[in-house]
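*Asks:* Here's a structure for you.
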Amino acid sequence: MAESRSIKQRTPLRIRVEPRLSEPPAWFPAVVSFSAILVALILGGILISFAGGDPIRSYIHIAKASFGDIGVLSDTIVKATPIILAALACSVAFRMKLWNIGAEGQFIMGAFGASAIVLAPVLPAETPRWIFIPVMMLAGMAAGALWGFIPGYLKAKFNVNEIISTLMLNYVAVAWVNFWIFGVWTEGGFQMSPKFPVAANLPRLTDFAKTFPIFRGLTTHLGLVIGIVAAIILWFIIFRSRWGYEIRLIGDNPQAARYAGIDITKNVIWVMMLSGALAGLGGMSEVTGVVHRLQTAPLAAGYGFTGIIVAWLAKLNPLVIIVASVLFGALILAGREIQPSGVPKMIQGIILVCLIASDFLLRYRIVIERGEE
Amino acid sequence: MDFTVILQAGIASGTVLLFATIGELFSERAGVLNLGVEGMMLIGAMSAFSTTIATGNPWLGVLVAMLFAGLISQIHAFIVITLQADQVVSGLSLTFLGAGISLVLGEGLSKAGTVALLPDFSIPLLTLIPIIGKIFFTNQSILVYFGYLLVPLSWYYINRTRPGLHLRAVGEYPSAADALGINVFRMRYFYVFVGGMLAGLAGATISLAVSPGWFSELTTGGQGWIAIGLVIFAQWDPFRAAVGAYAFGALRRLILDIQGPLVLLGFANPFYYNPYLGFFLQMLPYLFTVVVLVIGSREAMRKRIGAPAALGNPYVRGERGK
């Protein structure tokens, strides 16, 4: 007895963890996510200094090289554009607890579908821009949706684990595009297609430099508008439509959804197709807005994977995704010049780990109290 | 083309998948899905290679690889067992983290040149068996032989020993295991650690034996994910895991070797004269993984056997129905 009392006296404060019974206040998740990112950056800094780098200089460099002036800000937005669409793709599937980690492959297939319009060619090179762009958007979405349909169908019919199947299809997509650009559409034996005609490129701000001189050199392209419009439409689908209600219900409580008569099988396929179509649109935007030719290296640059982290950071909210994508666009843009070159990827990994760990604080309360029971 | 040579190399390359698959199998048998295999393998491959360069001792490389990957796996264990977060997302984050850390620490390693590798040897007498002796017991790395031992030992451990019974109980019915006095949390931490160590060993097998060197993310090339698919195909059974792993290893070798010769089965080799057709060969392991998943899933549906019942669920003491 005496011993236990002395321990209590020595530890006057006790830490207790208990489940939250009520929803935390609305600002709380944002603060938790923000703190998680901060912790991640500190941990990342420690690891950078272990690897022989200077963390503070690295971070200052990232901030300067991504938000320092309007030119780099525009470049940041260019990097953020494909991430927005890839993250939207992930968010809609994750909402239903469908783990589509194949946004990367669907993105590449979307770029392939859009490029096929020019390269096959479906439309002649003289086609005006206002026909080219919508047709390429549709083709990109269709190719991405097809790449989402396959794992969706396998999941619905054979209960095939979609995590593995979507991931495997990423590798297949890269090999598929490599075959076309190497074997069929090659430019002089290199692994890339010829450049697209100008009418098949998304307009960039710098294209209007004659009228607005301030836009000179800014490469932000129409893909940003496509991404924002897609985010708004997706927000309405998820939160204001019957279909969105079904998706959310299946994700939160599949049992209840089944009792409510919702066709889960059909929804698995449709949501995977919607997810694939969004990622495919991202691929279309990237190939027509930035790369201007079909080439795997700049397209298979991991946007689909970054999309997973961004979707999670944004708590699957389509509008928050836009903001989160800009942050990650900055990280990727500035990270290219940082040594060692794996730093941006590592920081992305640490951020995701910290975000997931921090979810604990949303479900549990940590109570600090006096030693006496 | 000599098929015994291809199969011989295929067994070596399948050993990588074997370690990763058995490791994931242990973790999943305890009820913890760990999608971070790819990341842990990269950590293993990088640390094995860099330790061997620094010390000249490949055994130390293997040891460091296993410990480092095991350590990384404990991040996942902490997040999903103690913090009860979603296992899918946490495992994904482990893959990112493992890839990122190994890229940062492995910077410049790819130019480091050659290192002392683990020894190859033949088993006397057994090599004399026609065909089989050549394929399985001639000039294989010591890790390949370790793989042969690991499969029956894992099976015996899981199905015939007392700790194995506890392992299965923790994965199938944790609250019952808890009531029997088995520490569910500690067991899960331990088997995630075992899974991490074996994934690290798989990585070391690549960088010190099968295709020596460090080639950043291309070192593993998605084999960690194939291993997770193989666990499903294997129905959580070590022997089926071995069949799957060696078959995939042989397939990977075949794809590499089929593009070399001028004549294939009496015809002009189309893959030699049209190298871009090789991209279709590159797709094969990934397409086969999907096929294997379909087979595994259909079989599981028919036989009504499948994943450990508690796979993917955090264990919360005192919560009903888990």
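The chains in the structure tokens are called A, B, ... from first to last as shown; in each chain the residues are counted from 1, and the ligands are counted from 1 in the order shown.
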Identify all chain A residues at most 7 Å from chain B by counting only C-alpha atoms; ligands do not count. Present them as a PyMOL selection string.
*Replies:* chain A and resi 51+158-160+164-165+168+171-172+175-176+178-179+182-183+340-343+345-346+349-350+352-353+356-357+360
*Asks:* Those same residues, written as a tab-separated table (two decimals), in the first residue's frame with C-alpha atoms?
*Replies:*
```tsv
chain	number	residue	atom	x	y	z
A	51	ALA	CA	21.95	11.63	-44.73
A	158	PHE	CA	-14.71	-12.66	-58.24
A	159	ASN	CA	-13.95	-10.67	-55.10
A	160	VAL	CA	-10.42	-10.04	-56.39
A	164	ILE	CA	-3.19	-5.72	-55.86
A	165	SER	CA	-5.04	-5.73	-59.17
A	168	MET	CA	-0.43	-4.60	-61.12
A	171	TYR	CA	2.95	-1.76	-64.49
A	172	VAL	CA	0.93	-3.12	-67.40
A	175	ALA	CA	4.59	-1.40	-70.62
A	176	TRP	CA	1.60	-0.88	-72.91
A	178	ASN	CA	6.12	1.88	-73.98
A	179	PHE	CA	5.17	-0.60	-76.68
A	182	PHE	CA	8.73	2.48	-79.10
A	183	GLY	CA	7.19	0.19	-81.70
A	340	PRO	CA	19.80	13.69	-51.93
A	341	SER	CA	17.21	13.27	-54.67
A	342	GLY	CA	14.93	10.94	-52.73
A	343	VAL	CA	14.02	13.66	-50.22
A	345	LYS	CA	9.49	11.05	-51.76
A	346	MET	CA	10.68	10.42	-48.23
A	349	GLY	CA	6.01	9.07	-46.92
A	350	ILE	CA	6.65	10.65	-43.52
A	352	LEU	CA	1.38	10.16	-44.76
A	353	VAL	CA	2.63	8.15	-41.77
A	356	ILE	CA	-2.50	8.35	-40.30
A	357	ALA	CA	-1.06	8.23	-36.82
A	360	PHE	CA	-5.93	8.59	-33.43
```
*Asks:* As a PyMOL selection string, please: every residue in segment 28-258 of chain A that a backbone DSSP assignment puts in alpha helix (DSSP H).
*Replies:* chain A and resi 28-50+55-67+70-95+103-119+129-158+162-179+223-240+242-252+254-258
*Asks:* Got a sec: who's within 10 Å of Leu128 of chain B, counting only C-alpha atoms, leaving out chain neighbours fewer than 5 positions off, as an NGL selection string?
*Replies:* :B and (123 or 133-134 or 137-138)
*Asks:* Emit the selected residues as a PDB file, in the first residue's frame, including C-alpha atoms.
*Replies:*
```pdb
ATOM      1  CA  ILE B 123      24.982 -29.965 -52.429  1.00  0.00           C
ATOM      2  CA  GLY B 133      19.637 -31.893 -58.963  1.00  0.00           C
ATOM      3  CA  LYS B 134      20.667 -29.414 -61.627  1.00  0.00           C
ATOM      4  CA  PHE B 137      20.919 -28.112 -55.821  1.00  0.00           C
ATOM      5  CA  THR B 138      23.661 -26.892 -58.167  1.00  0.00           C
TER       6      THR B 138
END
```
*Asks:* Considering only C-alpha atoms, state which residue in the set A:Leu119, A:Ala230, A:Leu13, A:Val135 is at the smallest distance from Ala279 of chain A.
*Replies:*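 The shortest atom-to-atom distance to Ala279 of chain A comes from A:Ala230.
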*Asks:* Show me, as a list of chain:residue names, the residues that have an atom within 9 Å of Ile15 of chain A when counting only C-alpha atoms, minus same-chain residues fewer than 5 positions from it.
*Replies:*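 The filter keeps A:Ile366, A:Val367, A:Ile368, A:Glu369, A:Arg370.
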*Asks:* Find the residues near Ile332 of chain A: any atom within 8 Å, counting only C-alpha atoms, skip ones fewer than 4 places away on the same chain, and give them as a list of chain:residue names.
*Replies:*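 Everything that qualifies: A:Lys79, A:Phe328, A:Arg336, A:Pro344.
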*Asks:* Store the residues of this selection in a file with N, CA and C atoms, as an mmCIF file, in the first residue's frame.
*Replies:*
```
data_model
loop_
_atom_site.group_PDB
_atom_site.id
_atom_site.type_symbol
_atom_site.label_atom_id
_atom_site.label_comp_id
_atom_site.auth_asym_id
_atom_site.auth_seq_id
_atom_site.Cartn_x
_atom_site.Cartn_y
_atom_site.Cartn_z
ATOM 1 N N LYS A 79 2.495 21.724 -61.536
ATOM 2 C CA LYS A 79 2.735 20.429 -60.892
ATOM 3 C C LYS A 79 1.507 19.967 -60.121
ATOM 4 N N PHE A 328 1.638 19.869 -52.300
ATOM 5 C CA PHE A 328 2.457 18.758 -52.777
ATOM 6 C C PHE A 328 3.102 19.086 -54.114
ATOM 7 N N ARG A 336 13.050 18.680 -56.819
ATOM 8 C CA ARG A 336 13.878 18.173 -57.911
ATOM 9 C C ARG A 336 15.333 18.587 -57.772
ATOM 10 N N PRO A 344 12.035 14.414 -51.541
ATOM 11 C CA PRO A 344 10.595 14.666 -51.621
ATOM 12 C C PRO A 344 9.770 13.411 -51.384
#
```
*Asks:* Out of A:Thr206, A:Thr211, A:Gln255, A:Ser33, which residue has the shortest atom-to-atom distance to Ser358 of chain A when counting only C-alpha atoms?
*Replies:*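 Selected residue with least distance to Ser358 of chain A: A:Ser33.
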*Asks:* Excluding same-chain residues fewer than 3 positions from Pro151 of chain A, what lies within 9 Å of it counting only C-alpha atoms, as a list in words?
*Replies:* Asn100, Trp147, Gly148, Leu154, Lys155, Ala156, Val160, Asn161, Glu162, Ile163, Ser165, Thr166, Leu169, Ile269 and Met272 of chain A
*Asks:* Write the residues of the preceding selection, restricted to N, CA and C atoms, as a CSV table (one decimal), in the first residue's frame.
*Replies:*
```
chain,number,residue,atom,x,y,z
A,100,ASN,N,-8.4,1.9,-54.6
A,100,ASN,CA,-7.9,2.1,-55.9
A,100,ASN,C,-6.5,2.7,-55.8
A,147,TRP,N,-9.5,1.3,-67.6
A,147,TRP,CA,-8.5,0.8,-66.7
A,147,TRP,C,-9.0,0.7,-65.3
A,148,GLY,N,-10.0,1.4,-65.0
A,148,GLY,CA,-10.7,1.3,-63.7
A,148,GLY,C,-11.7,0.2,-63.7
A,154,LEU,N,-13.5,-7.3,-61.7
A,154,LEU,CA,-12.9,-8.4,-61.0
A,154,LEU,C,-13.3,-8.5,-59.5
A,155,LYS,N,-13.3,-7.3,-58.9
A,155,LYS,CA,-13.7,-7.2,-57.5
A,155,LYS,C,-15.2,-7.6,-57.4
A,156,ALA,N,-16.0,-7.0,-58.3
A,156,ALA,CA,-17.4,-7.3,-58.1
A,156,ALA,C,-17.8,-8.7,-58.4
A,160,VAL,N,-11.9,-10.2,-56.3
A,160,VAL,CA,-10.4,-10.0,-56.4
A,160,VAL,C,-10.0,-8.8,-55.7
A,161,ASN,N,-9.0,-8.9,-54.8
A,161,ASN,CA,-8.5,-7.8,-54.0
A,161,ASN,C,-8.0,-6.6,-55.0
A,162,GLU,N,-8.7,-5.5,-54.9
A,162,GLU,CA,-8.5,-4.4,-55.8
A,162,GLU,C,-7.2,-3.7,-55.6
A,163,ILE,N,-6.6,-3.8,-54.4
A,163,ILE,CA,-5.3,-3.2,-54.1
A,163,ILE,C,-4.3,-3.7,-55.0
A,165,SER,N,-4.8,-5.8,-57.7
A,165,SER,CA,-5.0,-5.7,-59.2
A,165,SER,C,-4.8,-4.3,-59.7
A,166,THR,N,-5.2,-3.3,-59.0
A,166,THR,CA,-5.0,-1.9,-59.6
A,166,THR,C,-3.5,-1.7,-59.6
A,169,LEU,N,-1.9,-3.4,-62.6
A,169,LEU,CA,-2.3,-2.8,-63.9
A,169,LEU,C,-1.5,-1.5,-64.1
A,269,ILE,N,-18.3,-1.3,-59.6
A,269,ILE,CA,-17.9,-1.1,-61.0
A,269,ILE,C,-17.9,0.4,-61.4
A,272,MET,N,-15.3,2.6,-59.6
A,272,MET,CA,-14.0,2.3,-60.1
A,272,MET,C,-13.8,3.0,-61.5
```
*Asks:* So that I can see what lies close to Ala314 of chain A, please list as a list in words the residues with an atom at most 12 Å from it, counting only C-alpha atoms and leaving out residues fewer than 4 positions away in the same chain.
*Replies:* Pro29, Ala30, Ser33, Phe34, Ile84, Ala87, Leu88, Cys90, Ser91, Phe94, Arg95, Gly307, Ile308, Ile309, Val310, Pro318, Leu319, Val320, Ile321, Ile322, Val323, Ala324, Ser325, Val326, Leu327, Phe328, Leu352 and Leu355 of chain A
*Asks:* What does the file look like for those residues with N, CA and C atoms, as an mmCIF file, in the first residue's frame?
*Replies:*
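Everything below was put into out18.cif:
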```cif
data_model
loop_
_atom_site.group_PDB
_atom_site.id
_atom_site.type_symbol
_atom_site.label_atom_id
_atom_site.label_comp_id
_atom_site.auth_asym_id
_atom_site.auth_seq_id
_atom_site.Cartn_x
_atom_site.Cartn_y
_atom_site.Cartn_z
ATOM 1 N N PRO A 29 -9.925 18.754 -36.564
ATOM 2 C CA PRO A 29 -9.206 17.926 -37.552
ATOM 3 C C PRO A 29 -8.174 18.717 -38.334
ATOM 4 N N ALA A 30 -8.495 19.966 -38.674
ATOM 5 C CA ALA A 30 -7.547 20.776 -39.443
ATOM 6 C C ALA A 30 -6.282 21.023 -38.635
ATOM 7 N N SER A 33 -4.262 17.790 -38.509
ATOM 8 C CA SER A 33 -3.552 17.517 -39.763
ATOM 9 C C SER A 33 -2.358 18.444 -39.915
ATOM 10 N N PHE A 34 -2.578 19.714 -39.577
ATOM 11 C CA PHE A 34 -1.502 20.701 -39.706
ATOM 12 C C PHE A 34 -0.334 20.322 -38.799
ATOM 13 N N ILE A 84 -4.211 17.175 -58.526
ATOM 14 C CA ILE A 84 -5.622 17.421 -58.193
ATOM 15 C C ILE A 84 -6.473 16.299 -58.765
ATOM 16 N N ALA A 87 -5.808 12.892 -57.207
ATOM 17 C CA ALA A 87 -6.326 12.813 -55.837
ATOM 18 C C ALA A 87 -7.850 12.723 -55.835
ATOM 19 N N LEU A 88 -8.498 13.427 -56.758
ATOM 20 C CA LEU A 88 -9.958 13.297 -56.865
ATOM 21 C C LEU A 88 -10.313 11.851 -57.181
ATOM 22 N N CYS A 90 -8.620 9.140 -56.470
ATOM 23 C CA CYS A 90 -8.455 8.298 -55.281
ATOM 24 C C CYS A 90 -9.568 8.558 -54.274
ATOM 25 N N SER A 91 -9.935 9.842 -54.104
ATOM 26 C CA SER A 91 -10.880 10.187 -53.042
ATOM 27 C C SER A 91 -12.231 9.521 -53.253
ATOM 28 N N PHE A 94 -11.836 5.843 -52.400
ATOM 29 C CA PHE A 94 -11.597 5.637 -50.966
ATOM 30 C C PHE A 94 -12.865 5.895 -50.159
ATOM 31 N N ARG A 95 -13.675 6.826 -50.622
ATOM 32 C CA ARG A 95 -14.929 7.159 -49.955
ATOM 33 C C ARG A 95 -15.777 5.891 -49.775
ATOM 34 N N GLY A 307 -1.353 11.353 -55.367
ATOM 35 C CA GLY A 307 -2.798 11.555 -55.246
ATOM 36 C C GLY A 307 -3.376 10.833 -54.041
ATOM 37 N N ILE A 308 -2.837 9.660 -53.730
ATOM 38 C CA ILE A 308 -3.330 8.897 -52.575
ATOM 39 C C ILE A 308 -3.110 9.710 -51.300
ATOM 40 N N ILE A 309 -1.892 10.245 -51.159
ATOM 41 C CA ILE A 309 -1.557 10.988 -49.940
ATOM 42 C C ILE A 309 -2.401 12.251 -49.853
ATOM 43 N N VAL A 310 -2.534 12.942 -51.000
ATOM 44 C CA VAL A 310 -3.287 14.195 -51.006
ATOM 45 C C VAL A 310 -4.751 13.930 -50.662
ATOM 46 N N PRO A 318 -13.304 16.891 -51.941
ATOM 47 C CA PRO A 318 -12.810 17.337 -53.249
ATOM 48 C C PRO A 318 -12.286 18.770 -53.246
ATOM 49 N N LEU A 319 -12.896 19.664 -52.473
ATOM 50 C CA LEU A 319 -12.463 21.062 -52.530
ATOM 51 C C LEU A 319 -11.160 21.267 -51.763
ATOM 52 N N VAL A 320 -10.998 20.545 -50.655
ATOM 53 C CA VAL A 320 -9.750 20.654 -49.895
ATOM 54 C C VAL A 320 -8.592 20.077 -50.712
ATOM 55 N N ILE A 321 -8.919 19.099 -51.569
ATOM 56 C CA ILE A 321 -7.888 18.471 -52.407
ATOM 57 C C ILE A 321 -7.144 19.516 -53.233
ATOM 58 N N ILE A 322 -7.869 20.537 -53.711
ATOM 59 C CA ILE A 322 -7.221 21.550 -54.549
ATOM 60 C C ILE A 322 -6.088 22.216 -53.779
ATOM 61 N N VAL A 323 -6.370 22.605 -52.524
ATOM 62 C CA VAL A 323 -5.358 23.283 -51.710
ATOM 63 C C VAL A 323 -4.199 22.340 -51.400
ATOM 64 N N ALA A 324 -4.544 21.118 -50.979
ATOM 65 C CA ALA A 324 -3.499 20.163 -50.597
ATOM 66 C C ALA A 324 -2.608 19.836 -51.794
ATOM 67 N N SER A 325 -3.211 19.804 -52.989
ATOM 68 C CA SER A 325 -2.415 19.488 -54.181
ATOM 69 C C SER A 325 -1.366 20.552 -54.437
ATOM 70 N N VAL A 326 -1.704 21.816 -54.161
ATOM 71 C CA VAL A 326 -0.731 22.892 -54.384
ATOM 72 C C VAL A 326 0.478 22.693 -53.468
ATOM 73 N N LEU A 327 0.226 22.288 -52.206
ATOM 74 C CA LEU A 327 1.334 22.042 -51.282
ATOM 75 C C LEU A 327 2.250 20.950 -51.811
ATOM 76 N N PHE A 328 1.638 19.869 -52.300
ATOM 77 C CA PHE A 328 2.457 18.758 -52.777
ATOM 78 C C PHE A 328 3.102 19.086 -54.114
ATOM 79 N N LEU A 352 2.507 11.102 -44.776
ATOM 80 C CA LEU A 352 1.383 10.158 -44.757
ATOM 81 C C LEU A 352 1.387 9.366 -43.451
ATOM 82 N N LEU A 355 0.119 11.613 -40.725
ATOM 83 C CA LEU A 355 -1.316 11.888 -40.866
ATOM 84 C C LEU A 355 -2.136 10.727 -40.339
#
```
*Asks:* Smallest atom-to-atom distance to Ile226 of chain A: which of A:Gly152, A:Gly289, A:Pro19, A:Gly102, using only C-alpha atoms?
*Replies:*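 Result for the nearest residue to Ile226 of chain A: A:Gly289.
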*Asks:* Using only C-alpha atoms for the distances, tell me which of A:Ala40, A:Ile351, A:Leu294, A:Val174 is nearest to Thr186 of chain A.
*Replies:*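 With only C-alpha atoms as the atom set, the closest residue is A:Leu294.
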*Asks:* Report the distance between atom CA of Val118 of chain A and atom CA of Gly105 of chain A in Å, rounded to one decimal place.
*Replies:*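 Separation between atom CA of Val118 of chain A and atom CA of Gly105 of chain A: 20.4 Å.
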